[in-house]
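Below you'll find the structure, written out as structure tokens, and then a few comments.
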Amino acid sequence: MSRLAPGAALDRFRPEGEQRHPRVRPEEAEVFVPPRFWVLVVLAIGAVLIQSTLLRPLSLRGAHISLVTVLLVWTGLRCGISTGGILGLIVGVVEDALGGGGANVLATTLVGFSAGLLNVRFFADSLPVFVSAVAGATVLRGIVTYLVSEVGLGVRGSFHRVSHELVWQVVLNAVVAAITLLVLRTMSNMRR
Amino acid sequence: MVAITSFWDERKLLVFVTLIILASVVMLVELDAARRSERSFSDQIVNTVIVPVEDVVTQTASAVAIEFHTLAHSGSMAAENTALERKVQQLAATNERLKERAAENMQLRRMLGLAQTMAVHTVAASVVGYAPEGSRREISIDRGWRDGVIRDAVVINGDGLVGHVIDAGAHDAHVLLVIDPSSNVPAYLRGTRTWGIVTGTWQHIRMKYIGQDVKVRFGDTVITGKGQIYPEGIVIGTVREVDRRDNALYQSAVIVPAVDFDGLTHVLVLKK
């Protein structure tokens, strides 16, 4: 049985002098410092405000952009389950108070928590991971909100409308997520 | 088993259970308050803080939009101004004629001894925001119980029925739009005086429980009938489609609302 280390067979193709794992000096390494929690809360409330006022006229086949979902996924991926879940709980309370009748709080908490579960498994700055997570979170949120509305608020016969809007909301949120991450990356590069 | 333990370690499980319990409690409190058309404690706090900010954001955005519009159309302003001056003269003449007719109308009303159909006081309010997510069709307005806006007060605008107040704070209130599926309004077709119940379908309205023998025509106007909440005679919309099946007890009709719910800025609340 061969005792070679994994990947050692490829060493013969590597140019001379190049290391398999190039070392990064500590001062060059990018360390992500999570934002303070109150900053995230302010951002989340700002997102709710923008959604309920400025973004309201913008819709695609009845679906609206959910900045809150994008922010929750970003927070969960970057800061973990506790921060993501607690932020989801707070923002859900705010959304329900402004009009939702209790249909949002469970969904936002689950979205924040679920995104936090991905925190240790995936590279948070990866565009495909972030966009896929936002798409998945939008679907999760839509399903939970639909179930709570049906059971809790007694809204009947909305499956067709909800599913139709959900598809378009996934597209909208994914586009917003991609743009947001690219803007954040550019800003980070400019600061360096 | 190892994989499950490592994935759902104790800390994650504790956070998950705590958050779900908290979220469920908050959800139940909110649902209970929504069913009783009241405001929970958290609703009161959030609305007191956020609605004024929403108002400022909406007004600022509207002012900025007007400025942009003015800048974008400054070239054609002079020609438009001349045309408008001419139109103002025409409208002034029409207005005089209408005043005469109104006076005549008043005399006739007095003669016939007819009471005014809507002898109620109104409160003008601005729309400061919509529900952040699409789970309900609601708007927030900047008038509350201190201004005389109370629960179940009917809300209209120049085009017709908007909805009714579901909960009111001191300086703000939430209005459930008629396009929300949980809204039910007694209504009748103006042409045939046929009664039915108007329910929201998110984008449009559906008039249900119309008798099978009634001939519902395309374009018929639907107006509110007198009920527990709604007064009689407010326009709701016009018939766009009729759904009639031979084996059903009733027929229904799809109604196009008279009000543009995406462009609501100002409304009138009928005082109770």
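By convention in this document, the chains of the structure tokens carry letters A, B, ... by their order, each chain's residues are numbered from 1, and ligands are numbered from 1 in the order they are shown.
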
At most 6 Å to chain B: residues in chain A, only C-alpha atoms, as a PyMOL selection string: chain A and resi 51-53+97-102+106

Polymer residues at most 10 Å from Asp125 of chain A, only C-alpha atoms, same-chain spacing of 5 or more positions, as an NGL selection string: :A and (74 or 77-78 or 130 or 181-182 or 184-185)

File dump, residues just selected, C-alpha atoms, as a PDB file, in the first residue's frame:
```pdb
ATOM      1  CA  TRP A  74     -24.771  37.265   4.779  1.00  0.00           C
ATOM      2  CA  LEU A  77     -22.548  32.946   6.725  1.00  0.00           C
ATOM      3  CA  ARG A  78     -20.157  35.457   8.223  1.00  0.00           C
ATOM      4  CA  PHE A 130     -23.693  33.129  -1.231  1.00  0.00           C
ATOM      5  CA  LEU A 181     -21.180  40.654  -2.765  1.00  0.00           C
ATOM      6  CA  LEU A 182     -19.392  42.140  -5.773  1.00  0.00           C
ATOM      7  CA  LEU A 184     -18.505  44.517  -0.959  1.00  0.00           C
ATOM      8  CA  ARG A 185     -15.517  42.843  -2.593  1.00  0.00           C
TER       9      ARG A 185
END
```

Need the shell around Thr221 of chain B: protein/DNA/RNA residues with any atom at most 9 Å away, counting only C-alpha atoms. Skip same-chain ones fewer than 2 positions apart. Format as a compact mmCIF listing (two decimals) with C-alpha atoms, in the first residue's frame?
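Everything below was put into result_26.txt:
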```
# COMPACT_ATOMS: atom_id res chain seq x y z
CA TYR B 188 -73.73 44.46 -4.97
CA LEU B 189 -73.69 44.92 -8.71
CA ARG B 190 -74.98 48.36 -9.54
CA GLY B 191 -76.78 47.25 -12.70
CA GLY B 219 -67.95 46.09 -17.00
CA ILE B 223 -70.29 48.94 -4.98
CA VAL B 235 -67.19 51.98 -5.66
CA ILE B 236 -65.07 48.82 -5.42
CA GLY B 237 -64.37 48.05 -9.07
CA THR B 238 -65.75 46.66 -12.31
CA VAL B 239 -66.43 43.13 -13.50
CA ILE B 255 -63.36 42.38 -10.27
```

Looking at B:His121, B:Leu91, B:Ile66, B:Gly200, which one is nearest to Val154 of chain B, with distances taken over only C-alpha atoms? B:His121

Can you pull out the residues contacting Thr180 of chain A? Cut-off 12 Å, using only C-alpha atoms, and skip same-chain residues under 2 positions away; I want them as a VMD selection string. chain A and resid 67 70 to 71 73 to 74 125 127 130 to 131 134 173 to 178 182 to 187

Selection file, C-alpha atoms, as a tab-separated table (two decimals), in the first residue's frame:
```tsv
chain	number	residue	atom	x	y	z
A	67	LEU	CA	-33.09	42.87	1.34
A	70	VAL	CA	-29.96	38.80	1.76
A	71	LEU	CA	-28.68	40.50	4.91
A	73	VAL	CA	-27.86	35.07	4.89
A	74	TRP	CA	-24.77	37.26	4.78
A	125	ASP	CA	-16.91	35.02	0.38
A	127	LEU	CA	-20.16	34.09	-4.93
A	130	PHE	CA	-23.69	33.13	-1.23
A	131	VAL	CA	-26.09	33.30	-4.18
A	134	VAL	CA	-29.82	33.35	-0.64
A	173	ASN	CA	-32.86	38.08	-4.43
A	174	ALA	CA	-30.13	36.08	-6.17
A	175	VAL	CA	-29.34	39.05	-8.42
A	176	VAL	CA	-29.30	41.44	-5.45
A	177	ALA	CA	-27.06	39.00	-3.53
A	178	ALA	CA	-24.57	38.78	-6.41
A	182	LEU	CA	-19.39	42.14	-5.77
A	183	VAL	CA	-19.80	45.66	-4.35
A	184	LEU	CA	-18.51	44.52	-0.96
A	185	ARG	CA	-15.52	42.84	-2.59
A	186	THR	CA	-14.70	45.95	-4.63
A	187	MET	CA	-14.95	48.14	-1.54
```

Find the spatial neighbours of Val68 of chain A, counting only C-alpha atoms, within a cut-off of 7 Å - ignore same-chain residues fewer than 2 positions away - and output them as number ranges by chain. A: 44, 47-48, 66, 70-72

Write to file, as a tab-separated table (two decimals), in the first residue's frame, the residues of the selection just made, with N, CA and C atoms.
```tsv
chain	number	residue	atom	x	y	z
A	44	ALA	N	-30.35	45.99	9.46
A	44	ALA	CA	-31.56	45.20	9.23
A	44	ALA	C	-32.81	46.08	9.26
A	47	ALA	N	-32.96	48.01	6.19
A	47	ALA	CA	-33.42	47.18	5.07
A	47	ALA	C	-34.95	47.05	5.08
A	48	VAL	N	-35.52	46.88	6.28
A	48	VAL	CA	-36.99	46.79	6.40
A	48	VAL	C	-37.63	48.09	5.93
A	66	SER	N	-36.24	41.12	-1.33
A	66	SER	CA	-36.18	41.04	0.13
A	66	SER	C	-34.73	41.27	0.56
A	70	VAL	N	-31.36	38.73	2.19
A	70	VAL	CA	-29.96	38.80	1.76
A	70	VAL	C	-29.06	39.13	2.95
A	71	LEU	N	-29.49	40.10	3.75
A	71	LEU	CA	-28.68	40.50	4.91
A	71	LEU	C	-28.58	39.36	5.94
A	72	LEU	N	-29.69	38.65	6.14
A	72	LEU	CA	-29.67	37.56	7.12
A	72	LEU	C	-28.73	36.44	6.69
```

If we count only C-alpha atoms and set the cut-off at 6 Å, which residues sit around segment 157-172 of chain B, ignoring sequence neighbours fewer than 4 positions away in its own chain? Please answer as a list in words. Ser37, Glu38, Ile141, Asp142, Arg143, Gly144, Trp145, Arg146, Ile150, Arg151, Asp152, Ala153, Leu176, Leu177, Val178, Ile234, Val235, Ile236, Ala258, Val259, Val267 and Leu268 of chain B

Mind the document's chain letters and residue numbers, and return as a count of residues only the residues of segment 63-191 of chain B that DSSP labels alpha helix (DSSP H). 46

DSSP strand (DSSP E or B) residues within segment 136-223 of chain B, as a VMD selection string: chain B and resid 138 to 141 154 to 157 160 to 168 173 to 177 184 to 189 194 to 200 205 to 211 221 to 223

For the residues selected in the previous step, produce a file with C-alpha atoms as a PDB file, in the first residue's frame.
```pdb
ATOM      1  CA  GLU B 138     -51.560  46.103   4.333  1.00  0.00           C
ATOM      2  CA  ILE B 139     -50.584  49.758   4.423  1.00  0.00           C
ATOM      3  CA  SER B 140     -49.545  52.040   7.274  1.00  0.00           C
ATOM      4  CA  ILE B 141     -51.074  55.509   7.513  1.00  0.00           C
ATOM      5  CA  VAL B 154     -63.436  52.482   6.386  1.00  0.00           C
ATOM      6  CA  VAL B 155     -60.680  53.865   4.171  1.00  0.00           C
ATOM      7  CA  ILE B 156     -61.307  55.267   0.678  1.00  0.00           C
ATOM      8  CA  ASN B 157     -59.595  57.446  -1.870  1.00  0.00           C
ATOM      9  CA  GLY B 160     -63.071  54.032  -4.516  1.00  0.00           C
ATOM     10  CA  LEU B 161     -62.740  51.639  -1.597  1.00  0.00           C
ATOM     11  CA  VAL B 162     -59.242  51.025  -0.207  1.00  0.00           C
ATOM     12  CA  GLY B 163     -59.980  48.855   2.847  1.00  0.00           C
ATOM     13  CA  HIS B 164     -60.567  49.172   6.580  1.00  0.00           C
ATOM     14  CA  VAL B 165     -58.471  49.887   9.661  1.00  0.00           C
ATOM     15  CA  ILE B 166     -57.402  46.706  11.447  1.00  0.00           C
ATOM     16  CA  ASP B 167     -55.488  48.277  14.306  1.00  0.00           C
ATOM     17  CA  ALA B 168     -54.774  51.817  15.363  1.00  0.00           C
ATOM     18  CA  ALA B 173     -52.843  52.815  11.889  1.00  0.00           C
ATOM     19  CA  HIS B 174     -52.724  49.702   9.726  1.00  0.00           C
ATOM     20  CA  VAL B 175     -55.207  49.338   6.911  1.00  0.00           C
ATOM     21  CA  LEU B 176     -56.122  45.938   5.472  1.00  0.00           C
ATOM     22  CA  LEU B 177     -56.576  46.404   1.740  1.00  0.00           C
ATOM     23  CA  ASN B 184     -64.651  40.310   3.078  1.00  0.00           C
ATOM     24  CA  VAL B 185     -66.929  43.136   1.971  1.00  0.00           C
ATOM     25  CA  PRO B 186     -70.684  42.934   1.370  1.00  0.00           C
ATOM     26  CA  ALA B 187     -71.292  44.351  -2.083  1.00  0.00           C
ATOM     27  CA  TYR B 188     -73.731  44.456  -4.969  1.00  0.00           C
ATOM     28  CA  LEU B 189     -73.690  44.917  -8.708  1.00  0.00           C
ATOM     29  CA  THR B 194     -77.441  41.619  -6.992  1.00  0.00           C
ATOM     30  CA  TRP B 195     -75.678  40.970  -3.713  1.00  0.00           C
ATOM     31  CA  GLY B 196     -72.483  39.048  -3.099  1.00  0.00           C
ATOM     32  CA  ILE B 197     -69.352  39.016  -0.954  1.00  0.00           C
ATOM     33  CA  VAL B 198     -66.171  40.618  -2.257  1.00  0.00           C
ATOM     34  CA  THR B 199     -62.920  38.906  -1.234  1.00  0.00           C
ATOM     35  CA  GLY B 200     -59.332  39.761  -2.129  1.00  0.00           C
ATOM     36  CA  ILE B 205     -60.889  40.986  -6.094  1.00  0.00           C
ATOM     37  CA  ARG B 206     -63.442  38.215  -6.502  1.00  0.00           C
ATOM     38  CA  MET B 207     -67.145  38.670  -5.947  1.00  0.00           C
ATOM     39  CA  LYS B 208     -68.591  35.414  -4.642  1.00  0.00           C
ATOM     40  CA  TYR B 209     -72.057  34.066  -3.902  1.00  0.00           C
ATOM     41  CA  ILE B 210     -73.815  35.649  -6.877  1.00  0.00           C
ATOM     42  CA  GLY B 211     -77.024  33.758  -7.658  1.00  0.00           C
ATOM     43  CA  THR B 221     -69.754  48.366 -11.413  1.00  0.00           C
ATOM     44  CA  VAL B 222     -69.518  46.760  -7.978  1.00  0.00           C
ATOM     45  CA  ILE B 223     -70.292  48.938  -4.982  1.00  0.00           C
TER      46      ILE B 223
END
```

To one decimal place, how far is atom CA of Asn189 of chain A from atom CA of Gly136 of chain A in Å? 28.2 Å

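Distance annotation: of A:Leu58, A:Val144, A:Gly76, A:Ile179, the residue with the minimal separation from Val162 of chain A is A:Val144; atom set is only C-alpha atoms.
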